[in-house]
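Below: one structure, written as structure tokens.
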Amino acid sequence: MDWISHLLFSFALGTVLLKDITREKMSVVMIASLFPDLDLLWHHHSGLHSPLVLFVLALLVAIRYRAYFTPLLIGFWSHSAPDIFLFDNSNHIIQNLANQIVSNESIAQHIEDNIMRYTAADGIMLFYPFNSEKFSITLDEKSYAIVAGFIIVIYILVFLLFNFKGKSSGHFA
């Protein structure tokens, strides 16, 4: 997932899961959702994507700032959850879509190579530090479309919920 998707997903989860939605807490959620990608500096999808490591980091911050525990955990885990899914591009669906836009097979292949190199991963270290094995759930084109459609429906429902919550209870002031 790219950074914008992580921000949207964290915003959606924060809107649904936080009892008291404030700008400060939502900012913490959204910034925390980007934190695991700091491992791009050494090895992407390292232990920094591990739910257990992220839980401990949230606990460490909560020692000093207790109110940030839940927003941090939502942000951290909203990053790890989608990263466990992998897209099976064996039928070159990305290249085919790119070719429809640019009408040049060589450029379309280059686009696909770059997308797969920078976004593709091999799962997350789910049980790190106890186990460094990476776990993943591979989605083919059909199941990926279903999951993407489900996520879009969630975004729409969260948007409606957020607007309803904000007007009726004065949240996010």
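Lettering and numbering for the structure tokens are positional, with chains as A, B, ... in the shown order, residues counted from 1 in each chain, and ligands counted from 1 in the shown order.
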Task: Contacts of A:His49 within 7 Å, only C-alpha atoms, excl. fewer than 4 positions in-chain, as a PyMOL selection string - done: chain A and resi 36+45+80+124-125
File of the preceding selection, C-alpha atoms, as a tab-separated table (two decimals), in the first residue's frame:
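Done, and the output landed in again_8.tsv:
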```tsv
chain	number	residue	atom	x	y	z
A	36	PRO	CA	6.32	1.54	10.07
A	45	HIS	CA	8.68	-4.86	5.92
A	80	SER	CA	0.41	-3.52	9.16
A	124	ILE	CA	5.14	-8.93	7.14
A	125	MET	CA	6.99	-10.47	10.06
```
TODO: Between atom CA of A:Leu72 and atom CA of A:Tyr155, measure the distance and give it in Å to one decimal.
DONE: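 Rounded to one decimal, the two atoms are 20.3 Å apart.
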Task: Coordinates-based distance that separates atom CA of A:His6 from atom CA of A:Pro82 (Å, one decimal) - done: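 If I compute the distance from atom CA of A:Pro82 to atom CA of A:His6, I get 8.3 Å.
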- [ ] DSSP on the backbone, then: every residue of chain A marked strand (DSSP E), written as a PyMOL selection string.
- [x] chain A and resi 85-87+137-139
Selection from above, all heavy atoms, as an mmCIF file, in the first residue's frame, can you write it?
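Written out: part07.cif:
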```cif
data_model
loop_
_atom_site.group_PDB
_atom_site.id
_atom_site.type_symbol
_atom_site.label_atom_id
_atom_site.label_comp_id
_atom_site.auth_asym_id
_atom_site.auth_seq_id
_atom_site.Cartn_x
_atom_site.Cartn_y
_atom_site.Cartn_z
ATOM 1 N N PHE A 85 -1.410 -8.314 2.787
ATOM 2 C CA PHE A 85 -1.997 -8.754 1.516
ATOM 3 C C PHE A 85 -1.030 -8.504 0.362
ATOM 4 O O PHE A 85 -0.455 -7.432 0.237
ATOM 5 C CB PHE A 85 -3.317 -8.023 1.229
ATOM 6 C CG PHE A 85 -4.409 -8.398 2.179
ATOM 7 C CD1 PHE A 85 -4.743 -7.555 3.220
ATOM 8 C CD2 PHE A 85 -5.093 -9.593 2.034
ATOM 9 C CE1 PHE A 85 -5.749 -7.894 4.109
ATOM 10 C CE2 PHE A 85 -6.102 -9.942 2.915
ATOM 11 C CZ PHE A 85 -6.427 -9.093 3.958
ATOM 12 N N LEU A 86 -0.866 -9.503 -0.495
ATOM 13 C CA LEU A 86 -0.027 -9.390 -1.688
ATOM 14 C C LEU A 86 -0.903 -9.538 -2.924
ATOM 15 O O LEU A 86 -1.895 -10.262 -2.918
ATOM 16 C CB LEU A 86 1.039 -10.486 -1.697
ATOM 17 C CG LEU A 86 1.966 -10.558 -0.490
ATOM 18 C CD1 LEU A 86 2.958 -11.693 -0.674
ATOM 19 C CD2 LEU A 86 2.690 -9.248 -0.293
ATOM 20 N N PHE A 87 -0.511 -8.855 -3.982
ATOM 21 C CA PHE A 87 -1.252 -8.908 -5.232
ATOM 22 C C PHE A 87 -0.525 -9.822 -6.206
ATOM 23 O O PHE A 87 0.645 -9.632 -6.501
ATOM 24 C CB PHE A 87 -1.382 -7.500 -5.812
ATOM 25 C CG PHE A 87 -2.039 -7.452 -7.156
ATOM 26 C CD1 PHE A 87 -3.340 -7.905 -7.320
ATOM 27 C CD2 PHE A 87 -1.374 -6.952 -8.257
ATOM 28 C CE1 PHE A 87 -3.959 -7.866 -8.550
ATOM 29 C CE2 PHE A 87 -1.989 -6.903 -9.491
ATOM 30 C CZ PHE A 87 -3.277 -7.364 -9.644
ATOM 31 N N ILE A 137 -0.999 -12.978 2.623
ATOM 32 C CA ILE A 137 -2.216 -13.508 2.009
ATOM 33 C C ILE A 137 -2.201 -13.010 0.575
ATOM 34 O O ILE A 137 -2.250 -11.798 0.337
ATOM 35 C CB ILE A 137 -3.478 -13.016 2.743
ATOM 36 C CG1 ILE A 137 -3.463 -13.470 4.201
ATOM 37 C CG2 ILE A 137 -4.737 -13.486 2.014
ATOM 38 C CD1 ILE A 137 -4.520 -12.807 5.069
ATOM 39 N N THR A 138 -2.080 -13.906 -0.377
ATOM 40 C CA THR A 138 -1.991 -13.522 -1.785
ATOM 41 C C THR A 138 -3.382 -13.420 -2.397
ATOM 42 O O THR A 138 -4.198 -14.320 -2.241
ATOM 43 C CB THR A 138 -1.136 -14.528 -2.572
ATOM 44 O OG1 THR A 138 0.153 -14.622 -1.959
ATOM 45 C CG2 THR A 138 -0.980 -14.102 -4.020
ATOM 46 N N LEU A 139 -3.620 -12.319 -3.076
ATOM 47 C CA LEU A 139 -4.898 -12.079 -3.729
ATOM 48 C C LEU A 139 -4.711 -12.108 -5.239
ATOM 49 O O LEU A 139 -3.823 -11.444 -5.767
ATOM 50 C CB LEU A 139 -5.450 -10.701 -3.325
ATOM 51 C CG LEU A 139 -5.656 -10.450 -1.836
ATOM 52 C CD1 LEU A 139 -6.031 -8.997 -1.589
ATOM 53 C CD2 LEU A 139 -6.723 -11.372 -1.291
#
```
Task: Selected residue, from A:Lys134, A:Arg23, A:His79, A:His110, that lies nearest to A:Gln95 when counting only C-alpha atoms - done: A:His110
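Separating atom CA of A:Phe11 from atom CA of A:Leu38 is a distance of 19.5 Å.
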- [ ] Rank A:Ile107, A:Val102, A:Leu7, A:Leu97 by their smallest atom-to-atom distance to A:Trp77, using only C-alpha atoms, and report the top residue only.
- [x] A:Leu7
